[in-house]
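Novice: I have a structure here, written as structure tokens, and I will follow up with some questions on it.
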Amino acid sequence: EPWGTRLLVEGKGQLFLDERSLWPDGKFVTTNVVVRKEFMDQHPDLVSKFLQAHVDTIQYIKSNPSSAQSIVNSEIKRITGKAFPGTVIASSFTNLDIIYDPLVSTLMVSADRAYSLGFLGSSKPDLSGIYDLAPLNQVLTKKGLATVSGS
């Protein structure tokens with residue numbers, strides 16, 4: 001987004017499948033915050049500050065959707081030289097569920113599906129330990145927000 005929405009609005013595209021229809025409650029992982037273990041061990045303070053900013057940004061987007069859309073569109077214009085019509089940006093945001101919960105179980109399901117389809121080689125990847133939610137949960141607790149789980 002917003003390029004997918006742009007194609008639909010301009011009549012140059014057709015929705016083949018809304019992936020939300022394939023997942024319980026329409027929720028699935030698309031983006032995660034990733035930190036090398038070595039970096040986390042050496043700089044837990046920086047990771048915590050980043051996660052604080054991450055959660056603050058998500059809260060801002062949810063509390064100020066019009067402003068967030070304007071900021072996104074301004075950055076798109078800065079990078080590409082052309083902004084989207086405001087209606088395209090607004091419509092594209094309805095397709096996004098911007099949350100800080102990494103939706104751990106959906107990554108595991110995605111990996112299982114990718115493996116069963118032959119995309120991950122001949123050995124099933126061991127994803128145990130891929131998430132350490134403690135730093136995020138510490139930030140959430142300090143902010144008085146609900147913590148996330150690995151299920």
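Naming scheme: A, B, ... for chains in displayed order of the structure tokens; residues 1 onward per chain; ligands 1 onward as shown.
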Residues at most 10 Å from region 73-89 of chain A, counting only C-alpha atoms, excluding those fewer than 6 positions away in the same chain, as an mmCIF file with C-alpha atoms, in the first residue's frame?
Specialist:
data_model
loop_
_atom_site.group_PDB
_atom_site.id
_atom_site.type_symbol
_atom_site.label_atom_id
_atom_site.label_comp_id
_atom_site.auth_asym_id
_atom_site.auth_seq_id
_atom_site.Cartn_x
_atom_site.Cartn_y
_atom_site.Cartn_z
ATOM 1 C CA GLU A 1 0.000 0.000 0.000
ATOM 2 C CA PRO A 2 -0.753 2.538 -1.315
ATOM 3 C CA TRP A 3 0.282 1.273 -4.761
ATOM 4 C CA GLY A 4 -2.205 -1.600 -4.719
ATOM 5 C CA THR A 5 -5.036 0.767 -3.882
ATOM 6 C CA ARG A 6 -3.876 3.161 -6.599
ATOM 7 C CA LEU A 7 -4.177 0.410 -9.217
ATOM 8 C CA LEU A 8 -7.702 -0.393 -8.057
ATOM 9 C CA VAL A 9 -8.819 3.250 -7.896
ATOM 10 C CA GLU A 10 -7.421 4.027 -11.350
ATOM 11 C CA SER A 66 -5.379 11.914 8.927
ATOM 12 C CA SER A 67 -2.072 13.375 10.038
#
Novice: Would you pick out the contacts of region 107-117 of chain A at 10 Å or less, using only C-alpha atoms, so that residues sharing its chain but fewer than 2 positions from it are not included, and give the list as a ChimeraX atom specification?
Specialist: /A:23,28-32,102-105,119-128,130,151
Novice: Which neighbours of Gln138 (chain A) fall inside 10 Å, counting only C-alpha atoms, when residues of the same chain fewer than 3 positions from it are skipped, and could you give them as a VMD selection string?
Specialist: chain A and resid 48 51 to 52 133 to 135 141 to 145 147
Novice: May I have the residues from that selection written out with C-alpha atoms, as a CSV table (one decimal), in the first residue's frame?
Specialist:
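Contents of out29.csv, freshly written:
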chain,number,residue,atom,x,y,z
A,48,SER,CA,14.6,-0.4,24.0
A,51,LEU,CA,10.9,-0.1,20.5
A,52,GLN,CA,9.6,2.8,22.5
A,133,LEU,CA,9.2,-10.6,23.2
A,134,ALA,CA,10.7,-9.5,26.5
A,135,PRO,CA,12.1,-6.2,25.3
A,141,THR,CA,4.4,-2.5,30.4
A,142,LYS,CA,6.1,0.8,31.1
A,143,LYS,CA,3.5,2.5,28.8
A,144,GLY,CA,0.6,0.7,30.6
A,145,LEU,CA,-0.3,-1.2,27.5
A,147,THR,CA,1.7,-7.2,26.5
Novice: Can you work out the spacing between CA of Phe39 (chain A) and CA of Asn137 (chain A) in Å, to one decimal?
Specialist: 18.5 Å
Novice: In Å, rounded to a single decimal, give me how far CA of Tyr100 (chain A) is from CA of Tyr131 (chain A).
Specialist: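 Computing it gives 13.4 Å between the two atoms.
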Novice: Which residue out of A:Gly13, A:Asp97, A:Asp18, A:Leu136 has the minimum interatomic distance to Ile61 (chain A) when only C-alpha atoms are used?
Specialist: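 Using only C-alpha atoms, the shortest distance to Ile61 (chain A) belongs to A:Asp97.
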